file target-v9.cif (mmCIF, C-alpha atoms)
data_target
#
loop_
_atom_site.group_PDB
_atom_site.id
_atom_site.type_symbol
_atom_site.label_atom_id
_atom_site.label_comp_id
_atom_site.auth_asym_id
_atom_site.auth_seq_id
_atom_site.Cartn_x
_atom_site.Cartn_y
_atom_site.Cartn_z
ATOM 1 C CA MET A 1 8.799 -16.203 9.960
ATOM 2 C CA HIS A 2 7.635 -17.536 13.289
ATOM 3 C CA PHE A 3 4.275 -15.816 13.616
ATOM 4 C CA GLU A 4 0.869 -15.757 12.015
ATOM 5 C CA VAL A 5 0.056 -12.602 10.068
ATOM 6 C CA GLU A 6 -3.000 -11.089 11.684
ATOM 7 C CA PRO A 7 -5.219 -8.403 10.125
ATOM 8 C CA GLY A 8 -4.949 -5.223 12.150
ATOM 9 C CA ALA A 9 -1.480 -5.997 13.454
ATOM 10 C CA ILE A 10 1.565 -3.845 12.751
ATOM 11 C CA TYR A 11 4.791 -5.486 11.616
ATOM 12 C CA SER A 12 8.286 -4.367 10.836
ATOM 13 C CA ALA A 13 9.013 -4.998 7.162
ATOM 14 C CA LEU A 14 12.477 -5.389 5.718
ATOM 15 C CA PHE A 15 13.284 -2.497 3.414
ATOM 16 C CA PRO A 16 14.062 -2.067 0.531
ATOM 17 C CA PHE A 17 11.475 -4.716 -0.198
ATOM 18 C CA SER A 18 13.258 -6.214 -3.193
ATOM 19 C CA ASP A 19 16.655 -6.282 -1.485
ATOM 20 C CA LEU A 20 16.968 -9.676 0.156
ATOM 21 C CA SER A 21 19.937 -8.435 2.176
ATOM 22 C CA ALA A 22 18.042 -5.399 3.430
ATOM 23 C CA THR A 23 18.747 -4.229 6.961
ATOM 24 C CA LYS A 24 16.350 -1.305 7.219
ATOM 25 C CA LYS A 25 12.948 -1.781 8.775
ATOM 26 C CA ARG A 26 9.696 0.036 8.214
ATOM 27 C CA PRO A 27 6.354 -0.514 9.976
ATOM 28 C CA VAL A 28 3.339 -1.673 8.024
ATOM 29 C CA LEU A 29 -0.243 -2.397 8.995
ATOM 30 C CA ALA A 30 -1.580 -5.743 7.795
ATOM 31 C CA LEU A 31 -4.923 -5.034 6.162
ATOM 32 C CA GLY A 32 -5.723 -8.716 5.737
ATOM 33 C CA GLY A 33 -4.204 -12.155 6.067
ATOM 34 C CA VAL A 34 -1.777 -13.967 3.805
ATOM 35 C CA ASP A 35 -3.328 -14.748 0.433
ATOM 36 C CA GLU A 36 -2.820 -17.851 -1.702
ATOM 37 C CA THR A 37 0.341 -16.391 -3.236
ATOM 38 C CA GLY A 38 1.940 -15.606 0.094
ATOM 39 C CA ASP A 39 1.302 -11.882 -0.125
ATOM 40 C CA VAL A 40 -0.196 -9.599 2.491
ATOM 41 C CA ARG A 41 -1.889 -6.307 1.693
ATOM 42 C CA VAL A 42 -0.328 -3.664 3.882
ATOM 43 C CA ALA A 43 -0.556 0.072 4.483
ATOM 44 C CA PHE A 44 2.587 1.936 5.326
ATOM 45 C CA ILE A 45 3.182 3.761 8.585
ATOM 46 C CA THR A 46 5.618 6.651 8.797
ATOM 47 C CA THR A 47 6.763 9.271 11.258
ATOM 48 C CA THR A 48 6.371 11.801 8.473
ATOM 49 C CA PRO A 49 3.065 13.674 8.918
ATOM 50 C CA VAL A 50 0.428 13.062 6.293
ATOM 51 C CA PRO A 51 -2.411 15.271 4.988
ATOM 52 C CA VAL A 52 -5.820 14.269 6.328
ATOM 53 C CA SER A 53 -6.889 13.384 2.808
ATOM 54 C CA GLN A 54 -4.250 10.644 2.696
ATOM 55 C CA GLY A 55 -4.145 9.255 6.205
ATOM 56 C CA TYR A 56 -4.040 10.135 9.873
ATOM 57 C CA ALA A 57 -1.956 9.965 13.018
ATOM 58 C CA LEU A 58 -2.556 6.877 15.113
ATOM 59 C CA SER A 59 -3.691 7.692 18.644
ATOM 60 C CA GLN A 60 -3.485 5.709 21.849
ATOM 61 C CA GLU A 61 -7.119 4.661 21.414
ATOM 62 C CA ASP A 62 -6.274 3.025 18.077
ATOM 63 C CA TYR A 63 -4.010 0.481 19.732
ATOM 64 C CA ASP A 64 -4.707 -2.728 21.548
ATOM 65 C CA GLY A 65 -1.929 -2.674 24.102
ATOM 66 C CA VAL A 66 1.482 -1.070 23.738
ATOM 67 C CA PRO A 67 1.553 1.511 20.940
ATOM 68 C CA LEU A 68 4.399 2.175 18.531
ATOM 69 C CA PRO A 69 7.158 4.173 20.260
ATOM 70 C CA PHE A 70 7.055 7.086 17.791
ATOM 71 C CA VAL A 71 4.308 9.360 16.528
ATOM 72 C CA SER A 72 2.957 7.227 13.713
ATOM 73 C CA HIS A 73 0.976 8.223 10.678
ATOM 74 C CA LEU A 74 -1.027 5.637 8.773
ATOM 75 C CA ARG A 75 -0.691 6.169 5.037
ATOM 76 C CA ALA A 76 -4.054 4.946 3.785
ATOM 77 C CA ASP A 77 -3.143 6.163 0.311
ATOM 78 C CA LYS A 78 -0.045 3.971 0.222
ATOM 79 C CA THR A 79 -1.022 0.317 0.226
ATOM 80 C CA PHE A 80 0.948 -2.528 -1.227
ATOM 81 C CA ASN A 81 0.970 -6.295 -1.570
ATOM 82 C CA LEU A 82 4.065 -7.434 0.273
ATOM 83 C CA HIS A 83 5.315 -10.995 0.460
ATOM 84 C CA ALA A 84 4.893 -12.307 3.992
ATOM 85 C CA SER A 85 8.555 -13.309 4.130
ATOM 86 C CA ARG A 86 9.436 -9.596 4.168
ATOM 87 C CA LEU A 87 7.686 -9.181 7.518
ATOM 88 C CA GLU A 88 10.236 -9.498 10.282
ATOM 89 C CA LYS A 89 8.215 -9.415 13.486
ATOM 90 C CA PRO A 90 5.074 -7.952 15.083
ATOM 91 C CA LEU A 91 5.448 -4.496 16.613
ATOM 92 C CA ALA A 92 1.986 -3.578 17.834
ATOM 93 C CA LYS A 93 -1.673 -4.318 17.296
ATOM 94 C CA LEU A 94 -4.644 -2.103 16.572
ATOM 95 C CA SER A 95 -7.787 -2.454 18.625
ATOM 96 C CA GLY A 96 -11.024 -3.488 16.967
ATOM 97 C CA THR A 97 -12.121 0.120 16.623
ATOM 98 C CA GLY A 98 -8.646 1.163 15.512
ATOM 99 C CA TYR A 99 -8.668 -1.458 12.766
ATOM 100 C CA GLU A 100 -12.176 -0.352 11.750
ATOM 101 C CA ARG A 101 -10.978 3.247 11.584
ATOM 102 C CA ALA A 102 -8.170 2.232 9.239
ATOM 103 C CA LEU A 103 -10.500 0.246 6.985
ATOM 104 C CA ARG A 104 -13.051 3.065 6.957
ATOM 105 C CA LYS A 105 -10.349 5.496 5.884
ATOM 106 C CA LEU A 106 -9.344 3.141 3.093
ATOM 107 C CA ILE A 107 -12.928 2.776 1.926
ATOM 108 C CA THR A 108 -13.627 6.503 1.917
ATOM 109 C CA LEU A 109 -10.342 7.499 0.328
ATOM 110 C CA ASP A 110 -11.570 7.156 -3.238
ATOM 111 C CA ILE A 111 -15.035 8.649 -2.759
ATOM 112 C CA PRO A 112 -13.984 12.184 -3.846
ATOM 113 C CA GLN A 113 -12.520 10.797 -7.077
ATOM 114 C CA PHE A 114 -15.612 8.684 -7.637
ATOM 115 C CA ALA A 115 -17.907 11.661 -7.056
ATOM 116 C CA ALA A 116 -15.851 13.897 -9.319
ATOM 117 C CA HIS A 117 -16.017 11.284 -12.058
ATOM 118 C CA ARG A 118 -19.693 10.456 -11.538
ATOM 119 C CA HIS A 119 -20.828 14.061 -11.506
ATOM 120 C CA ALA A 120 -18.412 15.498 -14.019
ATOM 121 C CA PRO A 121 -20.150 17.822 -16.531
ATOM 122 C CA GLN A 122 -21.033 15.944 -19.664
ATOM 123 C CA PRO A 123 -20.808 17.704 -23.048
ATOM 124 C CA PHE A 124 -24.245 18.404 -24.515
ATOM 125 C CA SER A 125 -24.998 16.339 -27.563
ATOM 126 C CA PRO A 126 -28.233 17.389 -29.386
ATOM 127 C CA GLY A 127 -30.626 14.498 -29.748
ATOM 128 C CA LYS A 128 -28.643 12.282 -27.383
ATOM 129 C CA SER A 129 -28.162 14.084 -24.100
ATOM 130 C CA VAL A 130 -30.901 13.511 -21.549
ATOM 131 C CA ILE A 131 -32.294 16.718 -20.101
ATOM 132 C CA PRO A 132 -33.483 16.132 -16.542
ATOM 133 C CA PRO A 133 -37.086 17.238 -15.958
ATOM 134 C CA SER A 134 -37.554 20.474 -14.090
ATOM 135 C CA THR A 135 -39.319 20.264 -10.755
ATOM 136 C CA LYS A 136 -39.817 24.000 -10.282
ATOM 137 C CA SER A 137 -43.118 24.576 -12.136
ATOM 138 C CA GLY A 138 -45.711 22.419 -13.747
ATOM 139 C CA SER A 139 -44.727 19.486 -11.663
ATOM 140 C CA THR A 140 -47.338 16.784 -11.407
ATOM 141 C CA THR A 141 -46.063 15.650 -8.061
ATOM 142 C CA SER A 142 -47.478 18.615 -6.164
ATOM 143 C CA PRO A 143 -50.976 20.117 -6.579
ATOM 144 C CA PRO A 144 -51.296 23.693 -7.881
ATOM 145 C CA ARG A 145 -51.242 26.155 -5.041
ATOM 146 C CA SER A 146 -54.255 28.324 -4.439
ATOM 147 C CA ASN A 147 -53.429 31.890 -3.759
ATOM 148 C CA SER A 148 -55.861 32.714 -1.006
ATOM 149 C CA PHE A 149 -54.188 36.029 -0.277
ATOM 150 C CA TRP A 150 -55.249 37.511 -3.618
ATOM 151 C CA GLY A 151 -58.499 35.659 -3.625
ATOM 152 C CA MET B 1 12.084 -3.115 -22.529
ATOM 153 C CA LYS B 2 14.920 -4.395 -20.374
ATOM 154 C CA SER B 3 14.108 -7.013 -17.748
ATOM 155 C CA LYS B 4 14.098 -5.539 -14.278
ATOM 156 C CA VAL B 5 14.634 -8.644 -12.222
ATOM 157 C CA PHE B 6 15.959 -12.047 -13.145
ATOM 158 C CA ARG B 7 15.676 -14.927 -10.721
ATOM 159 C CA GLN B 8 17.269 -18.308 -11.125
ATOM 160 C CA ARG B 9 18.075 -21.167 -8.781
ATOM 161 C CA VAL B 10 21.530 -22.543 -9.533
ATOM 162 C CA THR B 11 23.943 -25.069 -8.053
ATOM 163 C CA ALA B 12 27.638 -24.427 -7.607
ATOM 164 C CA ASP B 13 30.031 -26.607 -9.555
ATOM 165 C CA ALA B 14 33.021 -28.506 -8.165
ATOM 166 C CA ASN B 15 34.917 -25.243 -7.757
ATOM 167 C CA HIS B 16 32.047 -23.766 -5.717
ATOM 168 C CA THR B 17 31.322 -21.403 -8.560
ATOM 169 C CA ILE B 18 27.966 -20.571 -10.044
ATOM 170 C CA HIS B 19 27.262 -19.735 -13.682
ATOM 171 C CA VAL B 20 24.361 -17.575 -14.736
ATOM 172 C CA THR B 21 23.251 -16.969 -18.295
ATOM 173 C CA LEU B 22 21.666 -13.561 -18.697
ATOM 174 C CA PRO B 23 18.675 -12.943 -20.935
ATOM 175 C CA PRO B 24 19.853 -10.793 -23.877
ATOM 176 C CA GLU B 25 17.345 -8.032 -23.046
ATOM 177 C CA MET B 26 18.964 -7.524 -19.641
ATOM 178 C CA GLY B 27 22.107 -6.019 -21.116
ATOM 179 C CA ASP B 28 25.689 -6.756 -20.149
ATOM 180 C CA GLU B 29 25.988 -5.116 -16.747
ATOM 181 C CA VAL B 30 23.942 -6.328 -13.771
ATOM 182 C CA GLU B 31 24.000 -6.453 -9.991
ATOM 183 C CA ILE B 32 23.829 -9.817 -8.279
ATOM 184 C CA VAL B 33 22.459 -10.678 -4.858
ATOM 185 C CA VAL B 34 23.050 -14.247 -3.718
ATOM 186 C CA VAL B 35 20.788 -15.802 -1.111
ATOM 187 C CA PRO B 36 20.562 -19.358 0.190
ATOM 188 C CA SER B 37 18.034 -21.498 -1.628
ATOM 189 C CA VAL B 38 16.305 -22.416 1.615
ATOM 190 C CA GLY B 39 14.363 -20.274 4.031
ATOM 191 C CA THR B 40 11.857 -17.503 3.675
ATOM 192 C CA ALA B 41 13.732 -15.451 1.108
ATOM 193 C CA ALA B 42 13.735 -18.327 -1.331
ATOM 194 C CA SER B 43 9.980 -18.747 -0.951
ATOM 195 C CA MET B 44 9.394 -15.298 -2.396
ATOM 196 C CA SER B 45 8.010 -15.786 -5.872
ATOM 197 C CA ALA B 46 9.485 -14.021 -8.871
ATOM 198 C CA GLU B 47 6.214 -12.109 -9.190
ATOM 199 C CA SER B 48 6.441 -10.883 -5.611
ATOM 200 C CA LEU B 49 10.052 -9.902 -6.157
ATOM 201 C CA VAL B 50 9.160 -7.860 -9.220
ATOM 202 C CA MET B 51 6.305 -6.199 -7.345
ATOM 203 C CA ALA B 52 8.673 -5.385 -4.500
ATOM 204 C CA GLN B 53 11.137 -3.825 -6.890
ATOM 205 C CA LEU B 54 8.382 -1.734 -8.454
ATOM 206 C CA MET B 55 7.431 -0.542 -4.985
ATOM 207 C CA ASP B 56 11.052 0.304 -4.222
ATOM 208 C CA GLU B 57 11.142 2.497 -7.313
ATOM 209 C CA THR B 58 8.171 4.641 -6.317
ATOM 210 C CA GLY B 59 8.606 8.224 -5.208
ATOM 211 C CA PHE B 60 7.093 7.338 -1.849
ATOM 212 C CA ALA B 61 9.707 4.649 -1.200
ATOM 213 C CA LYS B 62 12.581 6.832 -2.356
ATOM 214 C CA ASN B 63 11.507 10.091 -0.731
ATOM 215 C CA VAL B 64 9.669 9.004 2.419
ATOM 216 C CA LEU B 65 10.417 5.407 3.379
ATOM 217 C CA ASP B 66 14.104 5.740 2.567
ATOM 218 C CA SER B 67 14.523 9.106 4.270
ATOM 219 C CA PRO B 68 16.795 9.371 7.357
ATOM 220 C CA GLU B 69 13.790 10.471 9.435
ATOM 221 C CA GLU B 70 12.321 6.986 9.039
ATOM 222 C CA ASP B 71 15.498 5.221 10.152
ATOM 223 C CA CYS B 72 14.271 5.438 13.747
ATOM 224 C CA TRP B 73 12.334 2.237 12.985
ATOM 225 C CA ASN B 74 15.515 0.271 12.301
ATOM 226 C CA ALA B 75 16.243 -0.218 15.982
ATOM 227 C CA LEU B 76 12.910 -1.842 16.790
#

call {"tool": "encode", "arguments": {"input": "target-v9.cif", "output": "structure tokens"}}
result
Amino acid sequence: MHFEVEPGAIYSALFPFSDLSATKKRPVLALGGVDETGDVRVAFITTTPVPVSQGYALSQEDYDGVPLPFVSHLRADKTFNLHASRLEKPLAKLSGTGYERALRKLITLDIPQFAAHRHAPQPFSPGKSVIPPSTKSGSTTSPPRSNSFWG
Amino acid sequence: MKSKVFRQRVTADANHTIHVTLPPEMGDEVEIVVVPSVGTAASMSAESLVMAQLMDETGFAKNVLDSPEEDCWNAL
């Protein structure tokens, strides 16, 4: 490997990843640098379209310089720690905003699952379940309304 | 559970032949890939190799990454 792995850069990775004689190549986006074990966290890029919940198509504005030569879909739902020796060469580079877009997609990917878990209905257990106070009537936070219409 | 990957650094004998002793849990039939013990491939840790094999066995790797539609990347 004759290059530094740079976060936000796209590399061709030798595939299959465990086959040291592999001849296929697949593009990956480096999400960070090389860690202390020699691994790089990457997200896969495919020509196969991806649902918006799992990724998005890279646009010209996402790139810093020459884009990938094919319509490319970032698979934010498919990340992996790949050993840096499996990266063959740089292919392209995302711009600052393009890299931010990728990271933002990664960050927001799990929010629906978190919300579903956090707000899942809890079974009622008498004496244990907390009943949230009602704010509709008798609330002490707002003064009683005078009904001037009816005097 | 059978071992998935077995890695060992060996030296050929006078007949330029290597000898590998398999762990019993690996069974009797295996595939062997031989790579030089220098260079980037050799620097890949056993842990990374196992992780890579696990990735290769995912549905995404088998159905998407390994599909003919993705072979357009091979020429880059």

call {"tool": "resolve_selection", "arguments": {"input": "target-v9.cif", "expression": "the PyMOL selection byres ((chain A) within 6 of (chain B))", "output": "VMD selection string"}}
result
chain A and resid 17 to 18 24 to 26 85

call {"tool": "residues_around", "arguments": {"input": "target-v9.cif", "residues": "Val5 of chain A", "least_positions_apart": "5", "cutoff": "8 Å", "atoms": "only C-alpha atoms", "output": "list in words"}}
result
Ala30, Gly33, Val34 and Ala84 of chain A

call {"tool": "write_last_selection", "arguments": {"input": "target-v9.cif", "atoms": "C-alpha atoms", "output": "CSV table (one decimal), keeping the file's coordinate frame"}}
result
chain,number,residue,atom,x,y,z
A,30,ALA,CA,-1.6,-5.7,7.8
A,33,GLY,CA,-4.2,-12.2,6.1
A,34,VAL,CA,-1.8,-14.0,3.8
A,84,ALA,CA,4.9,-12.3,4.0

call {"tool": "residues_near_point", "arguments": {"input": "target-v9.cif", "point": "(24.2, -6.9, -15.8)", "cutoff": "12 Å", "atoms": "only C-alpha atoms", "output": "number ranges by chain"}}
result
B: 2-6, 20-33

call {"tool": "atom_distance", "arguments": {"input": "target-v9.cif", "atom1": "atom CA of Pro27 of chain A", "atom2": "atom CA of Leu94 of chain A"}}
result
12.9 Å

call {"tool": "resolve_selection", "arguments": {"input": "target-v9.cif", "expression": "the PyMOL selection byres ((chain A and resi 65) around 9)", "output": "ChimeraX atom specification"}}
result
/A:60,63-64,66-67,92-95

call {"tool": "atom_distance", "arguments": {"input": "target-v9.cif", "atom1": "atom CA of Gly32 of chain A", "atom2": "atom CA of Gly96 of chain A"}}
result
13.5 Å

call {"tool": "atom_distance", "arguments": {"input": "target-v9.cif", "atom1": "atom CA of Ser53 of chain A", "atom2": "atom CA of Asp39 of chain A"}}
result
26.7 Å
